[in-house]
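Here is the structure we will look at, set down as structure tokens.
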Amino acid sequence: MQRKYRGVVLNLNGVGVQRSFIMLSLSTAVVFILLGMLFVSQAGRGLSSQHVGKIAVGMSNGWMLQTLRYELPYFQPNVPEGESVNIPTLMFRLVTSINPDDPRTLLGYELPGFSLFDTEVLVSEKTVALSDLPFESSPPPEALRDESEVEKKTTPVPLQDTMLSTKGKKVMFLYNTHNRESWVSEVPKAREQNDPNLAMDAKTNVTLISKRMAKTLEQDGIGSTVGLRDFTGILNQRSASYSLSYAESLKMVKSVMAQDRNLNYFIDIHRDSLPRKSTTTTINGKSYAQAFFVIGMRNPNWEKNQQFALKVHNVIEKKYPGLSKGIFGKKGGNGEYNQSVSPNSILIEVGGPDNTVEECYRTADILAEAIAEVYWEAEKANAKPKAKHS
């Protein structure tokens, strides 16, 4: 009994066992140190699923498959040739949120606001400068909380859906996720302080563009519906983040889809945050609010949505060159924009806070006519569209 006991002690104190024990201890320590660095580095920014999502989007399919294989021994996918997992690089990205292959991820934390330009130019008729990239900033809290002068004098916007009544089959649904986006000229506080970030209003806002487009679509014989739910008001009542706007608008989109199976086109109208010089063009002596299309590249089938946007863009470019700034793809932020519900779902930015309502109306008419032309071509309709507006 004594010899066996001594033999066990001798084995446990062997050089090989000691070395293995030390390596295991060091490996465990490294894991905990890296996890600690991850949480400490994210403490100032707030670790969230959005940070993890940004890393996942930037990883190649090979990386994802290899990672799954490490965790699931029986998962043996065919990894694309030439792709391998670089563990040090992956850990560096997890700890710092910086992709060594994309300098924008480094500059995003060093230059305020630069991380918002996580944009790919999918279609544009001219070279797009950095200053002309789509820029949609969150308004300051006071712009969301305070009631506007217009709102104080009128009945508050109800939270339930309000829809325009149209004749015939309804196939188009227009709505506004950031429904209170307005214009400096229409909001007294924004006009007095000359602050475009304050151009938010519960009554006079981008829903007017949706209504105008729906009216023009009706004139072109296309049944259209406008959803006027006050998403910002709903979030304010819950004291919820403005970033949840798309989650709220998606609920409405799914609801109207269930109510009317004919609805197949979903158009989310916004306005950009760039200054007037970057959002305005002159055509035949008239000023127009420029428009552009945003495609959420986190949608697995985003190419189909891009095809629809490209058809509309081409129609506009042929008749009104320069009115459309092009098509831009977004991976960051929401990155999906409710576009997975239909290949005919797009987001359109019309003008900016310094444009006028009249300029946006002119653009709304052209957008609606272009969408109608694409629709009738796709449907191969036999009926002639009604007369266009004058």
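Identifiers in the structure tokens: chain A, B, ... in order shown; residue index from 1 per chain; ligand index from 1 in order shown.
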
**Study point:** Secondary structure check, strand (DSSP E) residues of stretch 225-364 of chain A, as a PyMOL selection string
**Key:** chain A and resi 225-226+265-270+280-283+286-289+291-296+324-330+345-350

Point to revise | A:Asp354 environment, 9 Å, only C-alpha atoms, sequence neighbours closer than 5 positions dropped, as a VMD selection string | key: chain A and resid 183 to 185 196 273 to 277 279

Exercise for review: Measure the distance from atom CA of A:Pro343 to atom CA of A:Trp302 in Å and round it to one decimal.
Suggested key: 7.7 Å

Check your understanding: Among stretch 207-321 of chain A, which residues carry a DSSP assignment of alpha helix (DSSP H), reported as an NGL selection string?
Key -> :A and (207-219 or 231-238 or 245-259 or 302-319)

How would the residues just chosen look if you wrote them out with C-alpha atoms as a PDB file, in the first residue's frame?
```
ATOM      1  CA  THR A 207     -45.409  62.061 -42.997  1.00  0.00           C
ATOM      2  CA  LEU A 208     -46.443  64.883 -45.339  1.00  0.00           C
ATOM      3  CA  ILE A 209     -44.096  63.434 -47.978  1.00  0.00           C
ATOM      4  CA  SER A 210     -45.679  60.007 -47.621  1.00  0.00           C
ATOM      5  CA  LYS A 211     -49.152  61.465 -48.019  1.00  0.00           C
ATOM      6  CA  ARG A 212     -48.068  63.404 -51.099  1.00  0.00           C
ATOM      7  CA  MET A 213     -46.538  60.288 -52.659  1.00  0.00           C
ATOM      8  CA  ALA A 214     -49.655  58.255 -51.916  1.00  0.00           C
ATOM      9  CA  LYS A 215     -51.796  60.892 -53.621  1.00  0.00           C
ATOM     10  CA  THR A 216     -49.616  60.823 -56.726  1.00  0.00           C
ATOM     11  CA  LEU A 217     -49.597  57.017 -56.759  1.00  0.00           C
ATOM     12  CA  GLU A 218     -53.385  57.077 -56.635  1.00  0.00           C
ATOM     13  CA  GLN A 219     -53.412  59.418 -59.627  1.00  0.00           C
ATOM     14  CA  PHE A 231     -43.384  55.754 -33.218  1.00  0.00           C
ATOM     15  CA  THR A 232     -41.426  58.502 -31.476  1.00  0.00           C
ATOM     16  CA  GLY A 233     -44.388  59.227 -29.227  1.00  0.00           C
ATOM     17  CA  ILE A 234     -44.709  55.539 -28.345  1.00  0.00           C
ATOM     18  CA  LEU A 235     -41.030  55.340 -27.407  1.00  0.00           C
ATOM     19  CA  ASN A 236     -41.272  58.537 -25.371  1.00  0.00           C
ATOM     20  CA  GLN A 237     -44.153  57.097 -23.365  1.00  0.00           C
ATOM     21  CA  ARG A 238     -42.024  54.061 -22.543  1.00  0.00           C
ATOM     22  CA  SER A 245     -37.817  52.983 -33.795  1.00  0.00           C
ATOM     23  CA  TYR A 246     -37.333  50.262 -36.421  1.00  0.00           C
ATOM     24  CA  ALA A 247     -38.503  47.582 -34.012  1.00  0.00           C
ATOM     25  CA  GLU A 248     -41.723  49.566 -33.546  1.00  0.00           C
ATOM     26  CA  SER A 249     -42.269  50.219 -37.254  1.00  0.00           C
ATOM     27  CA  LEU A 250     -41.663  46.541 -38.027  1.00  0.00           C
ATOM     28  CA  LYS A 251     -44.584  45.642 -35.741  1.00  0.00           C
ATOM     29  CA  MET A 252     -46.853  47.884 -37.796  1.00  0.00           C
ATOM     30  CA  VAL A 253     -45.581  46.550 -41.128  1.00  0.00           C
ATOM     31  CA  LYS A 254     -46.208  42.951 -40.079  1.00  0.00           C
ATOM     32  CA  SER A 255     -49.633  43.924 -38.776  1.00  0.00           C
ATOM     33  CA  VAL A 256     -50.794  45.539 -42.045  1.00  0.00           C
ATOM     34  CA  MET A 257     -49.352  42.620 -44.028  1.00  0.00           C
ATOM     35  CA  ALA A 258     -51.515  40.237 -42.027  1.00  0.00           C
ATOM     36  CA  GLN A 259     -54.578  42.434 -42.567  1.00  0.00           C
ATOM     37  CA  TRP A 302     -30.647  42.598 -49.790  1.00  0.00           C
ATOM     38  CA  GLU A 303     -29.673  42.249 -53.468  1.00  0.00           C
ATOM     39  CA  LYS A 304     -33.362  41.884 -54.413  1.00  0.00           C
ATOM     40  CA  ASN A 305     -34.232  45.090 -52.598  1.00  0.00           C
ATOM     41  CA  GLN A 306     -31.347  46.789 -54.359  1.00  0.00           C
ATOM     42  CA  GLN A 307     -32.715  45.642 -57.726  1.00  0.00           C
ATOM     43  CA  PHE A 308     -36.037  47.324 -56.993  1.00  0.00           C
ATOM     44  CA  ALA A 309     -34.302  50.519 -55.843  1.00  0.00           C
ATOM     45  CA  LEU A 310     -32.073  50.455 -58.934  1.00  0.00           C
ATOM     46  CA  LYS A 311     -35.078  50.343 -61.260  1.00  0.00           C
ATOM     47  CA  VAL A 312     -36.600  53.381 -59.561  1.00  0.00           C
ATOM     48  CA  HIS A 313     -33.236  55.177 -59.554  1.00  0.00           C
ATOM     49  CA  ASN A 314     -32.749  54.545 -63.287  1.00  0.00           C
ATOM     50  CA  VAL A 315     -36.178  55.949 -64.147  1.00  0.00           C
ATOM     51  CA  ILE A 316     -35.435  59.107 -62.160  1.00  0.00           C
ATOM     52  CA  GLU A 317     -31.930  59.485 -63.561  1.00  0.00           C
ATOM     53  CA  LYS A 318     -33.238  59.236 -67.120  1.00  0.00           C
ATOM     54  CA  LYS A 319     -35.878  61.943 -66.674  1.00  0.00           C
TER      55      LYS A 319
END
```

Practice item. Name the residues in contact with stretch 323-325 of chain A at a cut-off of 6 Å, using only C-alpha atoms, excluding same-chain residues fewer than 6 positions from it; report them as an NGL selection string. Key: :A and (290-292)

Check your understanding: Which of these residues is nearest to A:Tyr375, using only C-alpha atoms: A:Gly332, A:Gly322, A:Gly221, A:Gly285?
Key -> A:Gly221

**Study point:** Residue nearest A:Val341 among A:Ile327, A:Leu263, A:Lys169, A:Ala370 (counting only C-alpha atoms)
**Key:** A:Leu263
